[in-house]
file final-v9.pdb (PDB, C-alpha atoms)
ATOM      1  CA  MET A   7      74.774  96.115  97.928  1.00  0.00           C
ATOM      2  CA  GLU A   8      77.104  96.865 100.832  1.00  0.00           C
ATOM      3  CA  ILE A   9      80.608  95.406 100.486  1.00  0.00           C
ATOM      4  CA  LEU A  10      82.616  97.100 103.237  1.00  0.00           C
ATOM      5  CA  ARG A  11      81.661  98.468 106.643  1.00  0.00           C
ATOM      6  CA  THR A  12      83.888  99.931 109.314  1.00  0.00           C
ATOM      7  CA  GLU A  13      82.380 100.465 112.767  1.00  0.00           C
ATOM      8  CA  HIS A  14      83.948 102.853 115.299  1.00  0.00           C
ATOM      9  CA  LEU A  15      87.458 102.080 114.082  1.00  0.00           C
ATOM     10  CA  CYS A  16      90.237 103.384 116.339  1.00  0.00           C
ATOM     11  CA  LYS A  17      93.990 102.906 116.138  1.00  0.00           C
ATOM     12  CA  THR A  18      96.424 104.130 118.788  1.00  0.00           C
ATOM     13  CA  TYR A  19     100.206 103.865 118.708  1.00  0.00           C
ATOM     14  CA  GLY A  20     102.416 104.267 121.765  1.00  0.00           C
ATOM     15  CA  THR A  21     101.483 105.228 125.322  1.00  0.00           C
ATOM     16  CA  LYS A  22     101.528 108.270 127.605  1.00  0.00           C
ATOM     17  CA  GLU A  23     103.563 111.145 126.100  1.00  0.00           C
ATOM     18  CA  ALA A  24     104.295 109.094 122.958  1.00  0.00           C
ATOM     19  CA  LYS A  25     100.635 108.222 122.387  1.00  0.00           C
ATOM     20  CA  VAL A  26      99.339 108.908 118.865  1.00  0.00           C
ATOM     21  CA  GLU A  27      95.694 108.422 117.910  1.00  0.00           C
ATOM     22  CA  ALA A  28      95.943 107.624 114.204  1.00  0.00           C
ATOM     23  CA  LEU A  29      92.242 106.722 113.774  1.00  0.00           C
ATOM     24  CA  LYS A  30      89.447 108.230 115.842  1.00  0.00           C
ATOM     25  CA  ASP A  31      86.045 106.516 115.719  1.00  0.00           C
ATOM     26  CA  VAL A  32      85.907 105.976 111.936  1.00  0.00           C
ATOM     27  CA  SER A  33      82.640 104.520 110.608  1.00  0.00           C
ATOM     28  CA  PHE A  34      81.576 104.327 106.944  1.00  0.00           C
ATOM     29  CA  THR A  35      80.401 101.920 104.243  1.00  0.00           C
ATOM     30  CA  LEU A  36      81.197 101.189 100.604  1.00  0.00           C
ATOM     31  CA  GLU A  37      78.780  99.759  98.042  1.00  0.00           C
ATOM     32  CA  LYS A  38      79.552  97.212  95.332  1.00  0.00           C
ATOM     33  CA  GLY A  39      81.065  98.891  92.278  1.00  0.00           C
ATOM     34  CA  GLU A  40      81.788 102.151  94.095  1.00  0.00           C
ATOM     35  CA  PHE A  41      85.067 103.935  93.352  1.00  0.00           C
ATOM     36  CA  SER A  42      85.895 106.166  96.330  1.00  0.00           C
ATOM     37  CA  ALA A  43      88.879 108.169  97.480  1.00  0.00           C
ATOM     38  CA  VAL A  44      90.222 109.220 100.858  1.00  0.00           C
ATOM     39  CA  VAL A  45      92.239 112.432 100.616  1.00  0.00           C
ATOM     40  CA  GLY A  46      94.398 113.947 103.303  1.00  0.00           C
ATOM     41  CA  GLU A  47      97.798 115.308 104.178  1.00  0.00           C
ATOM     42  CA  SER A  48     100.704 113.124 105.235  1.00  0.00           C
ATOM     43  CA  GLY A  49     100.112 111.950 108.802  1.00  0.00           C
ATOM     44  CA  SER A  50      96.343 112.425 108.647  1.00  0.00           C
ATOM     45  CA  GLY A  51      95.688 108.693 109.190  1.00  0.00           C
ATOM     46  CA  LYS A  52      94.671 107.634 105.695  1.00  0.00           C
ATOM     47  CA  SER A  53      97.387 104.975 105.302  1.00  0.00           C
ATOM     48  CA  THR A  54      96.549 103.563 108.730  1.00  0.00           C
ATOM     49  CA  LEU A  55      92.909 103.376 107.669  1.00  0.00           C
ATOM     50  CA  LEU A  56      93.792 101.518 104.471  1.00  0.00           C
ATOM     51  CA  ASN A  57      96.044  99.073 106.318  1.00  0.00           C
ATOM     52  CA  CYS A  58      93.318  98.294 108.860  1.00  0.00           C
ATOM     53  CA  MET A  59      90.688  97.843 106.147  1.00  0.00           C
ATOM     54  CA  GLY A  60      92.997  95.464 104.322  1.00  0.00           C
ATOM     55  CA  GLY A  61      93.809  93.439 107.425  1.00  0.00           C
ATOM     56  CA  LEU A  62      97.477  94.460 107.251  1.00  0.00           C
ATOM     57  CA  ASP A  63      97.288  96.240 110.602  1.00  0.00           C
ATOM     58  CA  THR A  64      95.097  95.502 113.626  1.00  0.00           C
ATOM     59  CA  PRO A  65      92.885  98.299 114.967  1.00  0.00           C
ATOM     60  CA  THR A  66      92.928  99.106 118.665  1.00  0.00           C
ATOM     61  CA  SER A  67      89.139  98.848 118.671  1.00  0.00           C
ATOM     62  CA  GLY A  68      86.227  98.702 116.249  1.00  0.00           C
ATOM     63  CA  LYS A  69      85.316  96.410 113.386  1.00  0.00           C
ATOM     64  CA  VAL A  70      86.044  95.949 109.688  1.00  0.00           C
ATOM     65  CA  LEU A  71      83.435  93.838 107.902  1.00  0.00           C
ATOM     66  CA  LEU A  72      83.897  92.710 104.312  1.00  0.00           C
ATOM     67  CA  ASP A  73      80.723  91.222 102.868  1.00  0.00           C
ATOM     68  CA  GLY A  74      79.594  90.685 106.458  1.00  0.00           C
ATOM     69  CA  GLU A  75      82.782  88.874 107.534  1.00  0.00           C
ATOM     70  CA  ASP A  76      84.544  90.439 110.525  1.00  0.00           C
ATOM     71  CA  LEU A  77      88.245  90.490 109.585  1.00  0.00           C
ATOM     72  CA  PHE A  78      89.523  90.713 113.129  1.00  0.00           C
ATOM     73  CA  SER A  79      87.372  87.970 114.586  1.00  0.00           C
ATOM     74  CA  MET A  80      89.324  85.578 112.338  1.00  0.00           C
ATOM     75  CA  LYS A  81      92.502  83.825 113.382  1.00  0.00           C
ATOM     76  CA  GLU A  82      95.560  85.230 111.662  1.00  0.00           C
ATOM     77  CA  ASN A  83      96.029  82.329 109.225  1.00  0.00           C
ATOM     78  CA  LYS A  84      92.395  82.437 108.133  1.00  0.00           C
ATOM     79  CA  ARG A  85      92.559  86.235 107.757  1.00  0.00           C
ATOM     80  CA  THR A  86      95.655  85.931 105.558  1.00  0.00           C
ATOM     81  CA  VAL A  87      93.893  83.541 103.177  1.00  0.00           C
ATOM     82  CA  PHE A  88      90.667  85.583 103.238  1.00  0.00           C
ATOM     83  CA  ARG A  89      92.626  88.753 102.437  1.00  0.00           C
ATOM     84  CA  ARG A  90      94.484  87.124  99.561  1.00  0.00           C
ATOM     85  CA  GLN A  91      91.262  85.831  98.013  1.00  0.00           C
ATOM     86  CA  ASN A  92      89.040  88.859  98.593  1.00  0.00           C
ATOM     87  CA  ILE A  93      91.180  92.009  98.737  1.00  0.00           C
ATOM     88  CA  GLY A  94      93.448  93.318  95.995  1.00  0.00           C
ATOM     89  CA  PHE A  95      96.197  95.839  96.715  1.00  0.00           C
ATOM     90  CA  VAL A  96      97.770  98.422  94.426  1.00  0.00           C
ATOM     91  CA  PHE A  97     100.806 100.107  95.985  1.00  0.00           C
ATOM     92  CA  GLN A  98     102.696 103.248  95.047  1.00  0.00           C
ATOM     93  CA  SER A  99     105.926 101.239  94.756  1.00  0.00           C
ATOM     94  CA  PHE A 100     104.317  98.562  92.486  1.00  0.00           C
ATOM     95  CA  GLN A 101     105.825  95.676  94.528  1.00  0.00           C
ATOM     96  CA  LEU A 102     106.229  93.371  91.550  1.00  0.00           C
ATOM     97  CA  ILE A 103     108.445  90.287  91.769  1.00  0.00           C
ATOM     98  CA  ALA A 104     111.578  91.082  89.774  1.00  0.00           C
ATOM     99  CA  GLU A 105     112.181  87.511  88.578  1.00  0.00           C
ATOM    100  CA  LEU A 106     108.644  87.053  87.195  1.00  0.00           C
ATOM    101  CA  ASN A 107     107.341  88.413  83.911  1.00  0.00           C
ATOM    102  CA  VAL A 108     104.129  90.408  83.494  1.00  0.00           C
ATOM    103  CA  GLU A 109     101.873  87.378  83.086  1.00  0.00           C
ATOM    104  CA  GLN A 110     103.436  85.565  86.044  1.00  0.00           C
ATOM    105  CA  ASN A 111     103.174  88.638  88.285  1.00  0.00           C
ATOM    106  CA  ILE A 112      99.492  89.025  87.448  1.00  0.00           C
ATOM    107  CA  LEU A 113      98.784  85.346  88.148  1.00  0.00           C
ATOM    108  CA  PHE A 114     100.854  85.224  91.347  1.00  0.00           C
ATOM    109  CA  PRO A 115      97.935  85.471  93.863  1.00  0.00           C
ATOM    110  CA  VAL A 116      96.064  82.714  91.986  1.00  0.00           C
ATOM    111  CA  LEU A 117      99.087  80.415  92.054  1.00  0.00           C
ATOM    112  CA  LEU A 118      99.624  81.116  95.773  1.00  0.00           C
ATOM    113  CA  ASP A 119      96.241  79.486  96.383  1.00  0.00           C
ATOM    114  CA  HIS A 120      97.262  76.500  94.212  1.00  0.00           C
ATOM    115  CA  ARG A 121      94.426  77.243  91.810  1.00  0.00           C
ATOM    116  CA  LYS A 122      94.403  76.709  88.070  1.00  0.00           C
ATOM    117  CA  PRO A 123      94.542  80.042  86.235  1.00  0.00           C
ATOM    118  CA  ASP A 124      91.523  81.014  84.162  1.00  0.00           C
ATOM    119  CA  ARG A 125      93.235  81.739  80.843  1.00  0.00           C
ATOM    120  CA  GLU A 126      90.227  83.529  79.373  1.00  0.00           C
ATOM    121  CA  GLN A 127      90.055  85.830  82.380  1.00  0.00           C
ATOM    122  CA  LEU A 128      93.808  86.457  82.185  1.00  0.00           C
ATOM    123  CA  GLU A 129      93.577  87.418  78.514  1.00  0.00           C
ATOM    124  CA  GLU A 130      90.678  89.760  79.220  1.00  0.00           C
ATOM    125  CA  VAL A 131      92.524  91.520  82.049  1.00  0.00           C
ATOM    126  CA  MET A 132      95.687  91.882  79.980  1.00  0.00           C
ATOM    127  CA  GLU A 133      93.698  93.250  77.049  1.00  0.00           C
ATOM    128  CA  VAL A 134      91.850  95.766  79.236  1.00  0.00           C
ATOM    129  CA  LEU A 135      95.179  96.937  80.700  1.00  0.00           C
ATOM    130  CA  GLY A 136      96.993  97.036  77.364  1.00  0.00           C
ATOM    131  CA  LEU A 137      99.621  94.516  78.451  1.00  0.00           C
ATOM    132  CA  THR A 138      99.118  91.716  75.926  1.00  0.00           C
ATOM    133  CA  GLU A 139     102.267  92.609  73.979  1.00  0.00           C
ATOM    134  CA  ARG A 140     104.298  92.898  77.193  1.00  0.00           C
ATOM    135  CA  ARG A 141     103.310  89.595  78.782  1.00  0.00           C
ATOM    136  CA  HIS A 142     106.822  88.101  78.702  1.00  0.00           C
ATOM    137  CA  HIS A 143     108.660  91.238  79.849  1.00  0.00           C
ATOM    138  CA  LEU A 144     110.260  91.469  83.283  1.00  0.00           C
ATOM    139  CA  PRO A 145     109.487  94.471  85.518  1.00  0.00           C
ATOM    140  CA  CYS A 146     112.898  95.993  84.761  1.00  0.00           C
ATOM    141  CA  GLN A 147     111.911  96.072  81.068  1.00  0.00           C
ATOM    142  CA  LEU A 148     108.742  98.074  81.721  1.00  0.00           C
ATOM    143  CA  SER A 149     108.001 101.751  82.165  1.00  0.00           C
ATOM    144  CA  GLY A 150     106.590 102.946  85.477  1.00  0.00           C
ATOM    145  CA  GLY A 151     103.121 103.120  83.971  1.00  0.00           C
ATOM    146  CA  GLN A 152     103.366  99.563  82.637  1.00  0.00           C
ATOM    147  CA  GLN A 153     104.549  98.313  86.023  1.00  0.00           C
ATOM    148  CA  GLN A 154     101.562  99.929  87.719  1.00  0.00           C
ATOM    149  CA  ARG A 155      99.197  98.427  85.123  1.00  0.00           C
ATOM    150  CA  THR A 156     100.701  95.031  85.950  1.00  0.00           C
ATOM    151  CA  ALA A 157     100.059  95.685  89.643  1.00  0.00           C
ATOM    152  CA  ILE A 158      96.447  96.570  88.821  1.00  0.00           C
ATOM    153  CA  GLY A 159      96.146  93.334  86.851  1.00  0.00           C
ATOM    154  CA  ARG A 160      97.444  91.373  89.841  1.00  0.00           C
ATOM    155  CA  ALA A 161      94.804  93.055  92.011  1.00  0.00           C
ATOM    156  CA  LEU A 162      92.024  92.314  89.499  1.00  0.00           C
ATOM    157  CA  ILE A 163      92.807  88.704  88.615  1.00  0.00           C
ATOM    158  CA  THR A 164      91.103  87.151  91.639  1.00  0.00           C
ATOM    159  CA  ARG A 165      88.003  89.330  91.103  1.00  0.00           C
ATOM    160  CA  PRO A 166      88.265  90.487  94.727  1.00  0.00           C
ATOM    161  CA  MET A 167      85.415  92.089  96.613  1.00  0.00           C
ATOM    162  CA  LEU A 168      87.590  95.128  97.321  1.00  0.00           C
ATOM    163  CA  ILE A 169      90.664  96.793  95.827  1.00  0.00           C
ATOM    164  CA  LEU A 170      92.690  99.130  98.039  1.00  0.00           C
ATOM    165  CA  ALA A 171      94.951 101.518  96.132  1.00  0.00           C
ATOM    166  CA  ASP A 172      97.648 103.292  98.140  1.00  0.00           C
ATOM    167  CA  GLU A 173      98.820 106.432  96.285  1.00  0.00           C
ATOM    168  CA  PRO A 174      98.694 104.469  92.983  1.00  0.00           C
ATOM    169  CA  THR A 175     100.010 107.402  90.926  1.00  0.00           C
ATOM    170  CA  GLY A 176     102.614 108.594  93.427  1.00  0.00           C
ATOM    171  CA  ASN A 177     105.602 107.431  91.356  1.00  0.00           C
ATOM    172  CA  LEU A 178     104.188 108.333  87.939  1.00  0.00           C
ATOM    173  CA  ASP A 179     104.306 111.369  85.674  1.00  0.00           C
ATOM    174  CA  SER A 180     101.106 113.210  84.783  1.00  0.00           C
ATOM    175  CA  ARG A 181     100.403 111.237  81.601  1.00  0.00           C
ATOM    176  CA  ASN A 182     100.857 107.844  83.245  1.00  0.00           C
ATOM    177  CA  SER A 183      98.879 109.050  86.270  1.00  0.00           C
ATOM    178  CA  GLN A 184      95.955 109.880  84.000  1.00  0.00           C
ATOM    179  CA  ASP A 185      96.212 106.465  82.317  1.00  0.00           C
ATOM    180  CA  VAL A 186      96.232 104.623  85.650  1.00  0.00           C
ATOM    181  CA  MET A 187      93.245 106.580  86.956  1.00  0.00           C
ATOM    182  CA  GLU A 188      91.301 105.867  83.771  1.00  0.00           C
ATOM    183  CA  LEU A 189      92.128 102.160  84.115  1.00  0.00           C
ATOM    184  CA  LEU A 190      90.931 102.082  87.718  1.00  0.00           C
ATOM    185  CA  MET A 191      87.734 103.856  86.691  1.00  0.00           C
ATOM    186  CA  LYS A 192      87.287 101.379  83.828  1.00  0.00           C
ATOM    187  CA  ALA A 193      87.794  98.442  86.220  1.00  0.00           C
ATOM    188  CA  SER A 194      85.148  99.878  88.513  1.00  0.00           C
ATOM    189  CA  ARG A 195      82.658 100.171  85.666  1.00  0.00           C
ATOM    190  CA  HIS A 196      83.592  97.098  83.602  1.00  0.00           C
ATOM    191  CA  TYR A 197      83.902  94.607  86.474  1.00  0.00           C
ATOM    192  CA  GLN A 198      81.659  96.391  89.018  1.00  0.00           C
ATOM    193  CA  GLN A 199      84.810  96.446  91.119  1.00  0.00           C
ATOM    194  CA  THR A 200      84.716  98.221  94.483  1.00  0.00           C
ATOM    195  CA  ILE A 201      87.815 100.408  94.853  1.00  0.00           C
ATOM    196  CA  LEU A 202      89.039 102.646  97.652  1.00  0.00           C
ATOM    197  CA  MET A 203      92.024 104.847  96.859  1.00  0.00           C
ATOM    198  CA  ILE A 204      94.018 106.979  99.249  1.00  0.00           C
ATOM    199  CA  THR A 205      95.838 110.016  97.906  1.00  0.00           C
ATOM    200  CA  HIS A 206      97.127 113.424  98.887  1.00  0.00           C
ATOM    201  CA  ASN A 207      96.333 114.699  95.361  1.00  0.00           C
ATOM    202  CA  GLU A 208      92.832 116.155  95.359  1.00  0.00           C
ATOM    203  CA  HIS A 209      92.959 116.603  91.551  1.00  0.00           C
ATOM    204  CA  LEU A 210      92.565 112.821  91.199  1.00  0.00           C
ATOM    205  CA  THR A 211      89.152 112.887  92.873  1.00  0.00           C
ATOM    206  CA  SER A 212      87.511 113.944  89.601  1.00  0.00           C
ATOM    207  CA  TYR A 213      87.645 110.255  88.599  1.00  0.00           C
ATOM    208  CA  VAL A 214      85.812 108.829  91.617  1.00  0.00           C
ATOM    209  CA  ASP A 215      82.207 108.490  92.776  1.00  0.00           C
ATOM    210  CA  ARG A 216      82.657 109.662  96.345  1.00  0.00           C
ATOM    211  CA  VAL A 217      85.317 111.548  98.278  1.00  0.00           C
ATOM    212  CA  PHE A 218      86.197 111.290 101.954  1.00  0.00           C
ATOM    213  CA  LYS A 219      88.466 113.726 103.765  1.00  0.00           C
ATOM    214  CA  MET A 220      90.888 112.474 106.416  1.00  0.00           C
ATOM    215  CA  ASN A 221      92.058 114.975 108.988  1.00  0.00           C
ATOM    216  CA  ASP A 222      93.845 114.189 112.259  1.00  0.00           C
ATOM    217  CA  GLY A 223      92.396 110.686 112.435  1.00  0.00           C
ATOM    218  CA  HIS A 224      88.825 111.754 111.661  1.00  0.00           C
ATOM    219  CA  LEU A 225      86.971 110.847 108.457  1.00  0.00           C
ATOM    220  CA  GLN A 226      84.597 113.389 106.925  1.00  0.00           C
ATOM    221  CA  GLY A 227      82.418 113.412 103.843  1.00  0.00           C
ATOM    222  CA  THR A 228      80.502 110.229 104.576  1.00  0.00           C
ATOM    223  CA  GLY A 229      77.321 111.719 103.180  1.00  0.00           C
ATOM    224  CA  GLY A 230      78.587 111.163  99.662  1.00  0.00           C
ATOM    225  CA  VAL A 231      79.059 114.823  98.741  1.00  0.00           C
ATOM    226  CA  ARG A 232      82.153 115.427  96.607  1.00  0.00           C
ATOM    227  CA  LEU A 233      84.522 117.707  98.512  1.00  0.00           C
TER     228      LEU A 233
END

call {"tool": "encode", "arguments": {"input": "final-v9.pdb", "output": "structure tokens"}}
result
Amino acid sequence: MEILRTEHLCKTYGTKEAKVEALKDVSFTLEKGEFSAVVGESGSGKSTLLNCMGGLDTPTSGKVLLDGEDLFSMKENKRTVFRRQNIGFVFQSFQLIAELNVEQNILFPVLLDHRKPDREQLEEVMEVLGLTERRHHLPCQLSGGQQQRTAIGRALITRPMLILADEPTGNLDSRNSQDVMELLMKASRHYQQTILMITHNEHLTSYVDRVFKMNDGHLQGTGGVRL
């Protein structure tokens, strides 16, 4: 079942001599439950691609369709709500709210929509991520690995159609990086969660189903062959 489709996605910054083509005619699809990675050097366009897919940045041309819904045909307010309910984000810098504990950070996107938390679902997510004993800790009381697990929990709690992970191990040591990758792989299998990760670390691609290569705004590897 197809979850995500990009069609002829282009993104250009600046004009004339300052013109930069960050994305050049990018088209690909992701299936439900697929865990894929986009690898590439800094400046290759992979972060721009992720931001456009997540509706955080507007492409110059082309389409991003999530479960058939065209993100950029929506008005901005509708797109914001749609993104919050259907796309989870995991960032390199964790981006947890310092004043909220682990449980509150995980539930934050649910509470933003004024919905009643599903306590059974919360307990399951916290158990899967190994955070049950840390539920009342603030971010400053957690290790880097525990903070990233909390961020993964926040991304999972709404059962989104898509999770976008931006260098999710970038601030972690090798042991915590391995733990986070195993958790993302487990989420993909356990919840049939579709995940797209961007990374410059090609060693991490051993965990994923499919690898794309980003180079100078072009995406390669769409045939599904591991690079």

call {"tool": "atom_distance", "arguments": {"input": "final-v9.pdb", "atom1": "CA of Ser42 in chain A", "atom2": "CA of Thr64 in chain A"}}
result
22.3 Å

call {"tool": "atom_distance", "arguments": {"input": "final-v9.pdb", "atom1": "CA of Leu72 in chain A", "atom2": "CA of Met187 in chain A"}}
result
24.1 Å

call {"tool": "closest_residue", "arguments": {"input": "final-v9.pdb", "among": "A:Lys38, A:Arg140, A:Lys52, A:Lys122", "to": "Leu10 in chain A", "atoms": "only C-alpha atoms"}}
result
A:Lys38

call {"tool": "closest_residue", "arguments": {"input": "final-v9.pdb", "among": "A:Thr200, A:Gln101, A:Met167, A:Gln147", "to": "Phe88 in chain A", "atoms": "all atoms listed in the file"}}
result
A:Met167

call {"tool": "atom_distance", "arguments": {"input": "final-v9.pdb", "atom1": "CA of Gly39 in chain A", "atom2": "CA of Ile201 in chain A"}}
result
7.4 Å

call {"tool": "residues_around", "arguments": {"input": "final-v9.pdb", "residues": "Glu75 in chain A", "least_positions_apart": "2", "cutoff": "12 Å", "atoms": "all atoms listed in the file", "output": "JSON, numbers by chain"}}
result
{"A": [8, 9, 10, 11, 12, 61, 69, 70, 71, 72, 73, 77, 78, 79, 80, 84, 85, 88, 89, 92, 167]}

call {"tool": "closest_residue", "arguments": {"input": "final-v9.pdb", "among": "A:Val116, A:Cys146, A:Val214, A:Leu29", "to": "Leu102 in chain A", "atoms": "all atoms listed in the file"}}
result
A:Cys146

call {"tool": "residues_around", "arguments": {"input": "final-v9.pdb", "residues": "range 206-213 of chain A", "least_positions_apart": "3", "cutoff": "12 Å", "atoms": "all atoms listed in the file", "output": "mmCIF file with C-alpha atoms, in the coordinates of the input"}}
result
data_model
loop_
_atom_site.group_PDB
_atom_site.id
_atom_site.type_symbol
_atom_site.label_atom_id
_atom_site.label_comp_id
_atom_site.auth_asym_id
_atom_site.auth_seq_id
_atom_site.Cartn_x
_atom_site.Cartn_y
_atom_site.Cartn_z
ATOM 1 C CA GLU A 40 81.788 102.151 94.095
ATOM 2 C CA PHE A 41 85.067 103.935 93.352
ATOM 3 C CA SER A 42 85.895 106.166 96.330
ATOM 4 C CA ALA A 43 88.879 108.169 97.480
ATOM 5 C CA VAL A 44 90.222 109.220 100.858
ATOM 6 C CA VAL A 45 92.239 112.432 100.616
ATOM 7 C CA GLY A 46 94.398 113.947 103.303
ATOM 8 C CA GLU A 47 97.798 115.308 104.178
ATOM 9 C CA SER A 48 100.704 113.124 105.235
ATOM 10 C CA GLY A 49 100.112 111.950 108.802
ATOM 11 C CA SER A 50 96.343 112.425 108.647
ATOM 12 C CA GLY A 51 95.688 108.693 109.190
ATOM 13 C CA LYS A 52 94.671 107.634 105.695
ATOM 14 C CA SER A 53 97.387 104.975 105.302
ATOM 15 C CA ASP A 172 97.648 103.292 98.140
ATOM 16 C CA GLU A 173 98.820 106.432 96.285
ATOM 17 C CA PRO A 174 98.694 104.469 92.983
ATOM 18 C CA THR A 175 100.010 107.402 90.926
ATOM 19 C CA GLY A 176 102.614 108.594 93.427
ATOM 20 C CA SER A 180 101.106 113.210 84.783
ATOM 21 C CA SER A 183 98.879 109.050 86.270
ATOM 22 C CA GLN A 184 95.955 109.880 84.000
ATOM 23 C CA ASP A 185 96.212 106.465 82.317
ATOM 24 C CA VAL A 186 96.232 104.623 85.650
ATOM 25 C CA MET A 187 93.245 106.580 86.956
ATOM 26 C CA GLU A 188 91.301 105.867 83.771
ATOM 27 C CA LEU A 189 92.128 102.160 84.115
ATOM 28 C CA LEU A 190 90.931 102.082 87.718
ATOM 29 C CA MET A 191 87.734 103.856 86.691
ATOM 30 C CA LYS A 192 87.287 101.379 83.828
ATOM 31 C CA SER A 194 85.148 99.878 88.513
ATOM 32 C CA ARG A 195 82.658 100.171 85.666
ATOM 33 C CA ILE A 201 87.815 100.408 94.853
ATOM 34 C CA LEU A 202 89.039 102.646 97.652
ATOM 35 C CA MET A 203 92.024 104.847 96.859
ATOM 36 C CA ARG A 216 82.657 109.662 96.345
ATOM 37 C CA VAL A 217 85.317 111.548 98.278
ATOM 38 C CA PHE A 218 86.197 111.290 101.954
ATOM 39 C CA LYS A 219 88.466 113.726 103.765
ATOM 40 C CA MET A 220 90.888 112.474 106.416
ATOM 41 C CA ASN A 221 92.058 114.975 108.988
ATOM 42 C CA VAL A 231 79.059 114.823 98.741
ATOM 43 C CA ARG A 232 82.153 115.427 96.607
ATOM 44 C CA LEU A 233 84.522 117.707 98.512
#

call {"tool": "closest_residue", "arguments": {"input": "final-v9.pdb", "among": "A:Leu168, A:Leu56, A:Leu225, A:Leu144", "to": "Glu105 in chain A", "atoms": "all atoms listed in the file"}}
result
A:Leu144

call {"tool": "resolve_selection", "arguments": {"input": "final-v9.pdb", "expression": "the PyMOL selection byres ((chain A and resi 152-166) around 8)", "output": "PyMOL selection string"}}
result
chain A and resi 91-97+100-102+108+111-116+127-128+131-132+135+137+145+148-151+167-169+174+186+190+199

call {"tool": "write_last_selection", "arguments": {"input": "final-v9.pdb", "atoms": "C-alpha atoms", "output": "compact mmCIF listing (two decimals), in the coordinates of the input"}}
result
# COMPACT_ATOMS: atom_id res chain seq x y z
CA GLN A 91 91.26 85.83 98.01
CA ASN A 92 89.04 88.86 98.59
CA ILE A 93 91.18 92.01 98.74
CA GLY A 94 93.45 93.32 96.00
CA PHE A 95 96.20 95.84 96.72
CA VAL A 96 97.77 98.42 94.43
CA PHE A 97 100.81 100.11 95.98
CA PHE A 100 104.32 98.56 92.49
CA GLN A 101 105.82 95.68 94.53
CA LEU A 102 106.23 93.37 91.55
CA VAL A 108 104.13 90.41 83.49
CA ASN A 111 103.17 88.64 88.28
CA ILE A 112 99.49 89.02 87.45
CA LEU A 113 98.78 85.35 88.15
CA PHE A 114 100.85 85.22 91.35
CA PRO A 115 97.94 85.47 93.86
CA VAL A 116 96.06 82.71 91.99
CA GLN A 127 90.06 85.83 82.38
CA LEU A 128 93.81 86.46 82.18
CA VAL A 131 92.52 91.52 82.05
CA MET A 132 95.69 91.88 79.98
CA LEU A 135 95.18 96.94 80.70
CA LEU A 137 99.62 94.52 78.45
CA PRO A 145 109.49 94.47 85.52
CA LEU A 148 108.74 98.07 81.72
CA SER A 149 108.00 101.75 82.16
CA GLY A 150 106.59 102.95 85.48
CA GLY A 151 103.12 103.12 83.97
CA MET A 167 85.42 92.09 96.61
CA LEU A 168 87.59 95.13 97.32
CA ILE A 169 90.66 96.79 95.83
CA PRO A 174 98.69 104.47 92.98
CA VAL A 186 96.23 104.62 85.65
CA LEU A 190 90.93 102.08 87.72
CA GLN A 199 84.81 96.45 91.12

call {"tool": "axis_aligned_box", "arguments": {"input": "final-v9.pdb", "around": "range 165-172 of chain A", "padding_each_side": "8 Å", "output": "AutoDock Vina command-line options"}}
result
--center_x 91.5 --center_y 96.3 --center_z 94.6 --size_x 28.2 --size_y 30.0 --size_z 23.0

call {"tool": "build_atoms", "arguments": {"input": "final-v9.pdb", "residues": "range 89-99 of chain A", "atoms": "N, CA and C atoms", "output": "PDB file, in the frame of the given file"}}
result
ATOM      1  N   ARG A  89      92.119  87.516 103.049  1.00  0.00           N
ATOM      2  CA  ARG A  89      92.626  88.753 102.437  1.00  0.00           C
ATOM      3  C   ARG A  89      93.150  88.494 101.024  1.00  0.00           C
ATOM      4  N   ARG A  90      93.904  87.424 100.868  1.00  0.00           N
ATOM      5  CA  ARG A  90      94.484  87.124  99.561  1.00  0.00           C
ATOM      6  C   ARG A  90      93.405  86.839  98.522  1.00  0.00           C
ATOM      7  N   GLN A  91      92.314  86.223  98.942  1.00  0.00           N
ATOM      8  CA  GLN A  91      91.262  85.831  98.013  1.00  0.00           C
ATOM      9  C   GLN A  91      90.229  86.929  97.763  1.00  0.00           C
ATOM     10  N   ASN A  92      90.142  87.901  98.669  1.00  0.00           N
ATOM     11  CA  ASN A  92      89.040  88.859  98.593  1.00  0.00           C
ATOM     12  C   ASN A  92      89.434  90.321  98.539  1.00  0.00           C
ATOM     13  N   ILE A  93      90.718  90.623  98.765  1.00  0.00           N
ATOM     14  CA  ILE A  93      91.180  92.009  98.737  1.00  0.00           C
ATOM     15  C   ILE A  93      92.386  92.110  97.817  1.00  0.00           C
ATOM     16  N   GLY A  94      92.314  93.038  96.874  1.00  0.00           N
ATOM     17  CA  GLY A  94      93.448  93.318  95.995  1.00  0.00           C
ATOM     18  C   GLY A  94      94.122  94.607  96.429  1.00  0.00           C
ATOM     19  N   PHE A  95      95.439  94.654  96.309  1.00  0.00           N
ATOM     20  CA  PHE A  95      96.197  95.839  96.715  1.00  0.00           C
ATOM     21  C   PHE A  95      96.967  96.399  95.515  1.00  0.00           C
ATOM     22  N   VAL A  96      96.948  97.722  95.405  1.00  0.00           N
ATOM     23  CA  VAL A  96      97.770  98.422  94.426  1.00  0.00           C
ATOM     24  C   VAL A  96      98.595  99.438  95.208  1.00  0.00           C
ATOM     25  N   PHE A  97      99.936  99.263  95.182  1.00  0.00           N
ATOM     26  CA  PHE A  97     100.806 100.107  95.985  1.00  0.00           C
ATOM     27  C   PHE A  97     101.539 101.122  95.117  1.00  0.00           C
ATOM     28  N   GLN A  98     101.943 102.207  95.738  1.00  0.00           N
ATOM     29  CA  GLN A  98     102.696 103.248  95.047  1.00  0.00           C
ATOM     30  C   GLN A  98     103.990 102.695  94.448  1.00  0.00           C
ATOM     31  N   SER A  99     104.618 101.764  95.172  1.00  0.00           N
ATOM     32  CA  SER A  99     105.926 101.239  94.756  1.00  0.00           C
ATOM     33  C   SER A  99     105.813  99.980  93.896  1.00  0.00           C
TER      34      SER A  99
END
